[in-house]
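K.L.:
Right, I'll just put the structure down here and ask away after.
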Amino acid sequence: MLKITNLSKSFGEKKAVDNLSLHIKPGEIYGFIGHNGAGKTTTLKSVVGILNFDEGEILIDGISIKDNPIECKKNFAYIPDNPDLYDFMTAIQYLNFVADIFNVPADERTELIHKYADIFEIRNDLAQPISSFSHGMKQKLALISALIHKPKLVIMDEPFVGLDPKASHLLKGIMREICDNGGAIFFSTHVLEVAEKLCDKVAIIKGGKLIRCGTMDEVKGDESLESAFLELEG
């Protein structure tokens with residue numbers, strides 16, 4: 001589903017990502033962890049085509065993000081850590097705008113918008129301008145906009161930041177449902193307890209370099225993920 005091979009990206013003299021290789025397969029929830037500045041966001045932005053990268057190859061469903069970015073973007077959704085939404089739109093206008101971009105049929109989009117707006121309890125707020133939304137409500141709206149075109153791959157940067165406990169619990173269920181239906185999730189997080197319970201596989205990055213990856217048991221062994229992470233970092 002997502003294959004990153006020998007990815008490197010520098011900003012001036014600083015190498016933010018250094019020869020990173022990962023393979024996220026259909027059905028997997030793959031966690032990506034590391035301290036601030038480790039290279040997580042740079043990696044994710046390279047994967048989704050926001051940043052050009054210096055070396056390596058990124059394939060999404062067998063298609064190169066560098067050579068054919070539009071075709072790749074039909075197959076994935078990206079939710080950044082601080083979504084930039086169009087504040088001048090109402091929530092429903094924004095969701096229809098996204099649905100138009102992905103050519104989601106009218107009846108299908110209505111069903112999916114209502115489904116996820118009910119799940120995240122913002123259906124009664126869809127007519128309101130986005131400018132009136134709290135950070136948590138904007139995060140929920142961004143999640144709904146990512147889900148309504150049924151992406152094969154969902155890429156998220158710190159998706160649980162700003163969500164209340166109930167919304168976080170619901171998102172975990174949605175993530176598992178996507179993977180149970182043949183999709184894949186690749187997400188960064190600092191919440192190691194969530195990663196340990198939720199992820200099928202995990203990768204730890206430090207100073208732009210991959211220092212360990214594999215199944216949760218392979219990475220943490222008999223320790224907690226937090227203990228294994230701190231040991232590797234330390």
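Identifiers for the structure tokens are assigned positionally: chains receive A, B, ... in sequence, residues are indexed from 1 per chain, and ligands are indexed from 1 in the order shown.
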What's around Lys25 of chain A at 12 Å? Count only C-alpha atoms, leave out sequence neighbours fewer than 6 positions away in its own chain, and write the answer as a ChimeraX atom specification.
P.N.:
/A:1-4,59-62,152-153,179,182-186,200-201
K.L.:
Atoms to include: all heavy atoms. Write the selected residues as a compact mmCIF listing (two decimals), in the first residue's frame.
P.N.:
```
# COMPACT_ATOMS: atom_id res chain seq x y z
N MET A 1 0.83 -1.21 0.00
CA MET A 1 0.00 0.00 0.00
C MET A 1 0.86 1.26 0.00
O MET A 1 0.64 2.18 -0.78
CB MET A 1 -0.92 0.00 1.22
CG MET A 1 -1.90 1.16 1.26
SD MET A 1 -3.12 1.07 -0.05
CE MET A 1 -4.14 -0.26 0.53
N LEU A 2 1.84 1.31 0.91
CA LEU A 2 2.79 2.42 0.95
C LEU A 2 4.19 1.84 1.11
O LEU A 2 4.47 1.11 2.06
CB LEU A 2 2.49 3.36 2.12
CG LEU A 2 3.55 4.42 2.45
CD1 LEU A 2 3.77 5.36 1.26
CD2 LEU A 2 3.14 5.21 3.69
N LYS A 3 5.05 2.17 0.17
CA LYS A 3 6.42 1.68 0.21
C LYS A 3 7.38 2.85 0.12
O LYS A 3 7.39 3.58 -0.88
CB LYS A 3 6.68 0.68 -0.93
CG LYS A 3 7.98 -0.08 -0.77
CD LYS A 3 8.07 -1.23 -1.76
CE LYS A 3 9.32 -2.07 -1.49
NZ LYS A 3 9.41 -3.22 -2.43
N ILE A 4 8.14 3.07 1.18
CA ILE A 4 9.14 4.12 1.25
C ILE A 4 10.51 3.44 1.16
O ILE A 4 10.82 2.56 1.96
CB ILE A 4 9.04 4.91 2.57
CG1 ILE A 4 7.62 5.46 2.77
CG2 ILE A 4 10.07 6.03 2.62
CD1 ILE A 4 7.38 6.01 4.17
N LEU A 59 6.19 4.93 -3.13
CA LEU A 59 5.13 4.36 -3.95
C LEU A 59 3.87 4.21 -3.12
O LEU A 59 3.92 3.68 -2.00
CB LEU A 59 5.53 2.98 -4.51
CG LEU A 59 6.78 2.92 -5.38
CD1 LEU A 59 7.05 1.48 -5.81
CD2 LEU A 59 6.65 3.83 -6.61
N ILE A 60 2.75 4.67 -3.65
CA ILE A 60 1.45 4.50 -3.01
C ILE A 60 0.59 3.66 -3.94
O ILE A 60 0.29 4.07 -5.06
CB ILE A 60 0.79 5.86 -2.73
CG1 ILE A 60 1.64 6.64 -1.71
CG2 ILE A 60 -0.64 5.67 -2.21
CD1 ILE A 60 1.17 8.04 -1.45
N ASP A 61 0.25 2.47 -3.47
CA ASP A 61 -0.48 1.50 -4.29
C ASP A 61 0.25 1.27 -5.62
O ASP A 61 -0.36 1.16 -6.68
CB ASP A 61 -1.91 1.97 -4.53
CG ASP A 61 -2.88 0.82 -4.79
OD1 ASP A 61 -2.56 -0.32 -4.40
OD2 ASP A 61 -3.95 1.06 -5.37
N GLY A 62 1.58 1.23 -5.54
CA GLY A 62 2.42 0.96 -6.70
C GLY A 62 2.70 2.16 -7.59
O GLY A 62 3.38 2.01 -8.62
N LYS A 152 -7.91 4.47 0.34
CA LYS A 152 -7.26 3.19 0.62
C LYS A 152 -6.22 3.34 1.73
O LYS A 152 -5.96 2.39 2.47
CB LYS A 152 -6.58 2.67 -0.65
CG LYS A 152 -7.52 2.31 -1.78
CD LYS A 152 -6.71 1.80 -2.98
CE LYS A 152 -7.63 1.42 -4.15
NZ LYS A 152 -6.83 0.96 -5.31
N LEU A 153 -5.61 4.52 1.78
CA LEU A 153 -4.55 4.79 2.74
C LEU A 153 -4.86 6.09 3.46
O LEU A 153 -5.20 7.09 2.81
CB LEU A 153 -3.21 4.90 2.00
CG LEU A 153 -1.99 5.38 2.80
CD1 LEU A 153 -1.59 4.34 3.84
CD2 LEU A 153 -0.82 5.65 1.85
N CYS A 179 -8.84 -0.64 8.23
CA CYS A 179 -7.86 -1.69 7.97
C CYS A 179 -8.52 -3.06 7.82
O CYS A 179 -8.07 -3.89 7.01
CB CYS A 179 -6.81 -1.70 9.07
SG CYS A 179 -5.75 -0.24 9.01
N GLY A 182 -9.42 -3.67 4.32
CA GLY A 182 -8.36 -3.73 3.33
C GLY A 182 -7.55 -2.47 3.15
O GLY A 182 -6.65 -2.42 2.31
N GLY A 183 -7.86 -1.44 3.92
CA GLY A 183 -7.09 -0.20 3.85
C GLY A 183 -5.86 -0.27 4.74
O GLY A 183 -5.53 -1.31 5.31
N ALA A 184 -5.18 0.88 4.87
CA ALA A 184 -3.98 0.95 5.72
C ALA A 184 -3.92 2.32 6.37
O ALA A 184 -4.40 3.32 5.80
CB ALA A 184 -2.72 0.69 4.91
N ILE A 185 -3.32 2.36 7.55
CA ILE A 185 -3.15 3.60 8.30
C ILE A 185 -1.67 3.78 8.63
O ILE A 185 -1.02 2.85 9.10
CB ILE A 185 -3.92 3.57 9.64
CG1 ILE A 185 -5.41 3.23 9.44
CG2 ILE A 185 -3.73 4.88 10.41
CD1 ILE A 185 -6.25 4.35 8.93
N PHE A 186 -1.15 4.99 8.37
CA PHE A 186 0.21 5.34 8.77
C PHE A 186 0.11 6.66 9.52
O PHE A 186 -0.31 7.66 8.96
CB PHE A 186 1.10 5.49 7.53
CG PHE A 186 2.55 5.76 7.83
CD1 PHE A 186 3.22 5.10 8.84
CD2 PHE A 186 3.26 6.68 7.06
CE1 PHE A 186 4.56 5.34 9.10
CE2 PHE A 186 4.61 6.93 7.31
CZ PHE A 186 5.27 6.26 8.32
N ASP A 200 -0.54 -2.38 14.72
CA ASP A 200 -0.04 -3.71 14.34
C ASP A 200 1.48 -3.68 14.25
O ASP A 200 2.15 -4.64 14.62
CB ASP A 200 -0.64 -4.13 13.00
CG ASP A 200 -2.15 -4.14 13.02
OD1 ASP A 200 -2.72 -4.87 13.85
OD2 ASP A 200 -2.77 -3.41 12.22
N LYS A 201 2.00 -2.58 13.72
CA LYS A 201 3.44 -2.40 13.59
C LYS A 201 3.80 -0.98 14.01
O LYS A 201 2.95 -0.09 14.03
CB LYS A 201 3.92 -2.67 12.16
CG LYS A 201 3.80 -4.13 11.74
CD LYS A 201 4.36 -4.35 10.35
CE LYS A 201 4.28 -5.82 9.94
NZ LYS A 201 4.79 -6.03 8.57
```
K.L.:
Residues of segment 18-91 of chain A that approach segment 97-109 of chain A to 10 Å or less, counting only C-alpha atoms: could you list each one with the shortest pair of atoms and its distance in Å to one decimal, rows by chain and increasing residue number, as a tab-separated table?
P.N.:
```
residue	atom	partner	partner_atom	distance
A:Lys73	CA	A:Phe102	CA	9.4
A:Lys74	CA	A:Phe102	CA	7.0
A:Asn75	CA	A:Phe102	CA	9.7
A:Met89	CA	A:Phe97	CA	9.6
A:Ala91	CA	A:Phe97	CA	9.8
```
K.L.:
Please return, as a PyMOL selection string, all residues of segment 72-209 of chain A that DSSP assigns to strand (DSSP E) on the basis of the backbone.
P.N.:
chain A and resi 76-79+153-157+184-188+201-206+209
K.L.:
Rank nothing, just name the residue among A:Asp18, A:Asp81, A:Asp217, A:Glu28 nearest to Glu55 of chain A, using only C-alpha atoms.
P.N.:
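Among the listed residues, the smallest separation from Glu55 of chain A belongs to A:Asp18.
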K.L.:
Find the distance between atom CA of Gly162 of chain A and atom CA of Lys209 of chain A and write it in Å to one decimal.
P.N.:
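Rounded to one decimal, the two atoms are 28.2 Å apart.
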K.L.:
Got a sec: who's within 7 Å of Cys199 of chain A, counting only C-alpha atoms, leaving out chain neighbours fewer than 6 positions off, as a compact mmCIF listing (two decimals) with N, CA, C and O atoms, in the first residue's frame?
P.N.:
```txt
# COMPACT_ATOMS: atom_id res chain seq x y z
N ILE A 29 -2.31 -1.07 10.75
CA ILE A 29 -2.19 0.23 11.41
C ILE A 29 -0.73 0.36 11.84
O ILE A 29 -0.26 -0.41 12.67
N TYR A 30 -0.04 1.31 11.24
CA TYR A 30 1.40 1.45 11.41
C TYR A 30 1.69 2.76 12.14
O TYR A 30 1.42 3.83 11.65
N GLY A 31 2.25 2.66 13.34
CA GLY A 31 2.58 3.83 14.12
C GLY A 31 4.00 4.31 13.84
O GLY A 31 4.91 3.50 13.59
```
K.L.:
Tell me, counting only C-alpha atoms, for each residue of segment 140-214 of chain A within 12 Å of segment 10-15 of chain A, which pair of atoms is nearest and how far apart they are in Å to one decimal, in rows ordered by chain and increasing number, as a tab-separated table.
P.N.:
```
residue	atom	partner	partner_atom	distance
A:Lys206	CA	A:Lys15	CA	11.6
A:Gly207	CA	A:Lys15	CA	8.3
A:Gly208	CA	A:Lys15	CA	6.9
A:Lys209	CA	A:Lys15	CA	9.5
```
K.L.:
Please, what distance in Å, to one decimal, runs between atom CA of Glu193 of chain A and atom CA of Lys40 of chain A?
P.N.:
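Interatomic distance here is 18.1 Å.
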K.L.:
Pick from A:Leu22, A:Leu170, A:Ala117, A:Leu85: nearest to Gly56 of chain A, with only C-alpha atoms counted?
P.N.:
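Among A:Leu22, A:Leu170, A:Ala117, A:Leu85, it is A:Leu22 that comes nearest to Gly56 of chain A.
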K.L.:
What's around Thr189 of chain A at 12 Å? Count only C-alpha atoms, leave out sequence neighbours fewer than 3 positions away in its own chain, and write the answer as number ranges by chain.
P.N.:
A: 30-36, 40-41, 44, 80-81, 155-161, 186, 192-196, 198-199, 202-205
K.L.:
Please write the residues from the selection above to a file, keeping C-alpha atoms, as a PDB file, in the first residue's frame.
P.N.:
```
ATOM      1  CA  TYR A  30       1.399   1.449  11.414  1.00  0.00           C
ATOM      2  CA  GLY A  31       2.584   3.832  14.119  1.00  0.00           C
ATOM      3  CA  PHE A  32       5.477   6.252  13.613  1.00  0.00           C
ATOM      4  CA  ILE A  33       7.093   7.577  16.779  1.00  0.00           C
ATOM      5  CA  GLY A  34      10.002   9.779  17.751  1.00  0.00           C
ATOM      6  CA  HIS A  35      10.755  12.916  19.711  1.00  0.00           C
ATOM      7  CA  ASN A  36      10.111  16.426  18.347  1.00  0.00           C
ATOM      8  CA  LYS A  40       8.296  12.301  11.460  1.00  0.00           C
ATOM      9  CA  THR A  41       6.445  15.244   9.918  1.00  0.00           C
ATOM     10  CA  LEU A  44       4.790  12.305   6.186  1.00  0.00           C
ATOM     11  CA  PRO A  80      -1.896  17.198   9.315  1.00  0.00           C
ATOM     12  CA  ASP A  81      -1.325  17.946  12.989  1.00  0.00           C
ATOM     13  CA  ILE A 155      -1.891   9.271   6.678  1.00  0.00           C
ATOM     14  CA  MET A 156      -2.198  11.254   9.906  1.00  0.00           C
ATOM     15  CA  ASP A 157       0.164  13.472  11.865  1.00  0.00           C
ATOM     16  CA  GLU A 158      -0.705  13.402  15.584  1.00  0.00           C
ATOM     17  CA  PRO A 159      -4.414  12.665  14.953  1.00  0.00           C
ATOM     18  CA  PHE A 160      -5.407  12.457  18.625  1.00  0.00           C
ATOM     19  CA  VAL A 161      -4.170  15.933  19.576  1.00  0.00           C
ATOM     20  CA  PHE A 186       0.210   5.345   8.770  1.00  0.00           C
ATOM     21  CA  LEU A 192       2.741   5.763  23.263  1.00  0.00           C
ATOM     22  CA  GLU A 193      -0.006   4.037  25.242  1.00  0.00           C
ATOM     23  CA  VAL A 194      -2.372   4.497  22.297  1.00  0.00           C
ATOM     24  CA  ALA A 195       0.224   3.261  19.823  1.00  0.00           C
ATOM     25  CA  GLU A 196       0.927   0.160  21.910  1.00  0.00           C
ATOM     26  CA  LEU A 198      -3.739   0.164  18.572  1.00  0.00           C
ATOM     27  CA  CYS A 199      -0.874  -0.506  16.179  1.00  0.00           C
ATOM     28  CA  VAL A 202       5.529   0.532  14.749  1.00  0.00           C
ATOM     29  CA  ALA A 203       8.640   2.385  13.599  1.00  0.00           C
ATOM     30  CA  ILE A 204      10.908   4.508  15.796  1.00  0.00           C
ATOM     31  CA  ILE A 205      12.885   7.339  14.218  1.00  0.00           C
TER      32      ILE A 205
END
```
K.L.:
Please indicate the distance in Å from atom CA of Tyr78 of chain A to atom CA of Val48 of chain A, rounded to one decimal place.
P.N.:
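Between atom CA of Tyr78 of chain A and atom CA of Val48 of chain A the gap is 7.1 Å.
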K.L.:
Between A:Gly49, A:Met216, A:Asp84, A:His23, which has the minimum distance to Glu71 of chain A (counting only C-alpha atoms)?
P.N.:
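Closest residue, counting only C-alpha atoms: A:Gly49.
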K.L.:
Give me, as an MDAnalysis selection string, the residues of segment 69-218 of chain A that a backbone DSSP run labels helix (DSSP H, G or I).
P.N.:
chainID A and resid 69:73 91:101 106:119 123:125 130:132 135:147 165:180 192:198 216:218
K.L.:
For Ala127 of chain A, which residue among A:Asn82, A:Gln139, A:Tyr94, A:Ile148 is the nearest when counting only C-alpha atoms?
P.N.:
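Looking only at the distances to Ala127 of chain A, the closest residue turns out to be A:Tyr94.
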K.L.:
Nearest residue to Asp87 of chain A out of A:Ser131, A:Ile50, A:Leu112, A:Ser64, using only C-alpha atoms?
P.N.:
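Using only C-alpha atoms, the shortest distance to Asp87 of chain A belongs to A:Ser131.
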K.L.:
Which one of A:Pro151, A:Gly37, A:His114, A:Phe120 sits closest to Pro165 of chain A if you count only C-alpha atoms?
P.N.:
A:Phe120
